[in-house]
Amino acid sequence: MGGSWTELFFLDEATAFAAGHRPCFFCRRDDANRFRAAWEEGNGAKKVLAREIDAVLHGERLDHGRKRLHPLPMPVAQLPDGAMVQAGEESFLIVQGRALQWSMAGYPKADGAIDDAMLLTPPSTLRALSAGYRPVLHPSACS
C-alpha cells in the first residue's frame, strides 16, 4: 500500500536518526527537504527520492535483524552535532565535541571518557549532519 506510514516517537531527532529514520515528508516537509539536501550533499547524490534514502538507511540500520553498529570515521570529539555512539551498553549524543549520555528522560553529562565507541547513527545520516543538517535535540542537550 503506497503512501502509508507508521507514527514513531523518539526522545528527539538525533535518537530517531540513530534508529535509522529521517524526517517525514508529510508532517515535517521543510525539515525533510533540508535533510534531503544535506543528505545529497554529504553522500554525493542528486535528486534522490525519499524511498531511495530509506533503502540506504535500511541497509545501514540492520545486520541480520539486529541494530548495526559502524566503526567511527573520526574521533568522537570531531563527530558532528547530533551524532550518536554506543560504548558498551550505553548510548551517547555528541554535541560540540562532548558526549552526553542518553536516557529516556534526556541527556545527563557523561562521566569520563568514552572508550571503544561505535557509531549508532547510520553513516549516510552522519554525512548529512557533517554537510550541515542540524537535528532538533532534546532541551537537556543544550543546557
# chains A, B, ... in the order shown; residues from 1 in each chain; ligands from 1
$ residues_around --residues "stretch 104-112 of chain A" --least-positions-apart "5" --cutoff "12 Å" --atoms "only C-alpha atoms" --output "MDAnalysis selection string"
chainID A and resid 9:12 14:15 84 87 90:95 98:99 137:143
$ select_by_dssp --residues "chain A" --states "alpha helix (DSSP H)" --output "PyMOL selection string"
chain A and resi 13-18+29-43+50-61+123-130
$ write_last_selection --atoms "C-alpha atoms" --output "mmCIF file, in the first residue's frame"
data_model
loop_
_atom_site.group_PDB
_atom_site.id
_atom_site.type_symbol
_atom_site.label_atom_id
_atom_site.label_comp_id
_atom_site.auth_asym_id
_atom_site.auth_seq_id
_atom_site.Cartn_x
_atom_site.Cartn_y
_atom_site.Cartn_z
ATOM 1 C CA GLU A 13 15.595 13.788 16.201
ATOM 2 C CA ALA A 14 19.126 12.561 16.990
ATOM 3 C CA THR A 15 17.611 9.460 18.613
ATOM 4 C CA ALA A 16 15.377 8.885 15.578
ATOM 5 C CA PHE A 17 18.381 9.250 13.283
ATOM 6 C CA ALA A 18 20.371 6.747 15.369
ATOM 7 C CA ARG A 29 8.182 18.705 4.887
ATOM 8 C CA ASP A 30 10.551 21.674 5.411
ATOM 9 C CA ASP A 31 12.833 19.651 7.705
ATOM 10 C CA ALA A 32 12.622 16.666 5.348
ATOM 11 C CA ASN A 33 13.652 18.822 2.390
ATOM 12 C CA ARG A 34 16.562 20.314 4.376
ATOM 13 C CA PHE A 35 17.585 16.795 5.405
ATOM 14 C CA ARG A 36 17.388 15.548 1.809
ATOM 15 C CA ALA A 37 19.537 18.481 0.590
ATOM 16 C CA ALA A 38 22.179 17.790 3.276
ATOM 17 C CA TRP A 39 21.951 14.040 2.614
ATOM 18 C CA GLU A 40 22.510 14.633 -1.106
ATOM 19 C CA GLU A 41 25.463 16.943 -0.433
ATOM 20 C CA GLY A 42 27.032 14.635 2.128
ATOM 21 C CA ASN A 43 26.530 11.494 0.047
ATOM 22 C CA ALA A 50 12.675 9.538 -0.049
ATOM 23 C CA ARG A 51 12.365 5.830 -0.851
ATOM 24 C CA GLU A 52 15.976 5.810 -2.064
ATOM 25 C CA ILE A 53 17.161 7.385 1.203
ATOM 26 C CA ASP A 54 15.032 4.852 3.091
ATOM 27 C CA ALA A 55 16.641 1.962 1.197
ATOM 28 C CA VAL A 56 20.139 3.160 2.121
ATOM 29 C CA LEU A 57 19.114 3.742 5.741
ATOM 30 C CA HIS A 58 17.548 0.297 5.965
ATOM 31 C CA GLY A 59 20.788 -1.315 4.806
ATOM 32 C CA GLU A 60 22.761 0.739 7.326
ATOM 33 C CA ARG A 61 20.297 0.143 10.175
ATOM 34 C CA PRO A 123 26.922 6.612 8.039
ATOM 35 C CA SER A 124 24.816 8.300 5.341
ATOM 36 C CA THR A 125 22.988 10.321 8.027
ATOM 37 C CA LEU A 126 26.308 11.178 9.665
ATOM 38 C CA ARG A 127 27.418 12.605 6.302
ATOM 39 C CA ALA A 128 24.179 14.660 6.164
ATOM 40 C CA LEU A 129 24.962 16.018 9.639
ATOM 41 C CA SER A 130 28.504 16.816 8.503
#
$ closest_residue --among "A:Ala83, A:Ala131, A:Val136, A:Ala117" --to "A:Gly20" --atoms "only C-alpha atoms"
A:Ala83
